[in-house]
Amino acid sequence: MRGLWTVTKRELRGYLTSPVAYVLVAVFLMVSGYFFYNLLWWFHTQSMAQSQNPYYVQQLNINRFVYEPFLQNVSVILLLIFPLLTMRLWAEEKRGKTDELLLTSPVSTTALVGGKFLGAIFILLTLILFLQVFTLFGFLYSRPEPVPLLLGYGGLFCMGLAFIAIGFFTSTLTENQMVAASLSFGILLLLWVLSWGAEGASPFLRELLTYLSFFEHYKDMPRGVFNIIDPVYYLSVTLFFLCLGRRVIESRRWR
């Protein structure tokens with residue numbers, strides 16, 4: 001356990017001293033804020049335009065028209081920036097030749113993987129925490145339903161875990177951080193758009209592609225619809241790629 005926390009603190013120190021992390025967090029907040037502002041402004045203008053129509057006003061739901069598309073947009077932003085946030089997890093160690101020190105240290109491979117994974121989770125939680133500013137704004141001026149918001153943010157966290165695991169795995173394959181980021185982005189994008197090819201496919205293939213798609217497992221969460229299969233899918237992907245990354249590191253340790 002001591003080795004796990006040592007690696008975690010070392011990884012956090014690497015993030016906190018890296019300008020790349022600060023730039024990516026700033027870009028994330030800027031783009032997220034832009035989407036939120038536009039969605040909220042559209043909702044406001046529609047409410048004012050239809051204020052004389054009670055039936056239409058009742059149909060305007062801030063969860064459906066603001067937070068649901070907002071959280072879905074945020075999931076796409078995370079897909080774009082996490083390959084850049086995770087590209088350094090192991091590739092930087094290989095480039096700086098510090099991986100040999102880690103591999104010959106008394107810290108277990110599981111602690112190495114877990115420590116780096118926990119360090120990246122801290123960044124994910126930080127991003128989700130910053131998003132609560134937009135949520136608090138909604139509660140100050142409206143009455144959004146809390147359950148869809150909780151499920152939406154919970155889904156972002158589960159999806160983010162899978163993003164980190166895939167980024168960690170690709171980072172173990174190369175010492176070039178841009179190559180690691182490109183591989184990670186390619187895998188994430190493929191898993192995101194898999195369901196697009198389901199149309200016209202056989203029933204079995206359609207069901208398989210739909211199940212493997214990241215988007216299909218998240219789209220209902222911001223609507224307040226919970227299915228245990230969705231978090232199980234994300235956690236399964238997370239464990240699968242973490243195990244692959246562990247195997248790659250373990251193979252280097254025993255060379």
# chains A, B, ... in the order shown; residues from 1 in each chain; ligands from 1
$ residues_around --residues "range 88-105 of chain A" --least-positions-apart "3" --cutoff "9 Å" --atoms "only C-alpha atoms" --output "PyMOL selection string"
chain A and resi 11+84-85+108-109+112+116-117+120+167-177+180-181+249-250+252-253
$ residues_around --residues "Phe214 in chain A" --least-positions-apart "3" --cutoff "10 Å" --atoms "only C-alpha atoms" --output "list in words"
Ser75, Met159, Ala162, Leu188, Leu189, Leu190, Leu191, Trp192, Val193, Leu194, Ser195, Thr210, Tyr211, His217, Tyr218, Lys219, Asp230, Tyr233, Tyr234 and Val237 of chain A
$ closest_residue --among "A:Arg143, A:Arg64, A:Arg247, A:Arg206" --to "Gly224 in chain A" --atoms "only C-alpha atoms"
A:Arg64
$ closest_residue --among "A:Leu78, A:Ala26, A:Leu149, A:Met87" --to "Leu161 in chain A" --atoms "only C-alpha atoms"
A:Leu78
$ atom_distance --atom1 "CA of Gly138 in chain A" --atom2 "CA of Gly155 in chain A"
19.4 Å
$ closest_residue --among "A:Ala165, A:Leu156, A:Leu131, A:Val7" --to "Gly245 in chain A" --atoms "only C-alpha atoms"
A:Ala165
$ atom_distance --atom1 "CA of Ile62 in chain A" --atom2 "CA of Ile77 in chain A"
21.2 Å
$ closest_residue --among "A:Gly197, A:Gly160, A:Gly152, A:Pro203" --to "Arg223 in chain A" --atoms "only C-alpha atoms"
A:Gly152
$ select_by_dssp --residues "range 47-151 of chain A" --states "alpha helix (DSSP H)" --output "PyMOL selection string"
chain A and resi 47-49+54-59+62+68-86+88-95+99-103+109-141+146-151
$ residues_around --residues "Phe185 in chain A" --least-positions-apart "5" --cutoff "8 Å" --atoms "only C-alpha atoms" --output "ChimeraX atom specification"
/A:79-80,83
$ atom_distance --atom1 "CA of Phe134 in chain A" --atom2 "CA of Tyr37 in chain A"
9.3 Å
$ closest_residue --among "A:Ala21, A:Leu71, A:Cys158, A:Val27" --to "Leu39 in chain A" --atoms "only C-alpha atoms"
A:Leu71
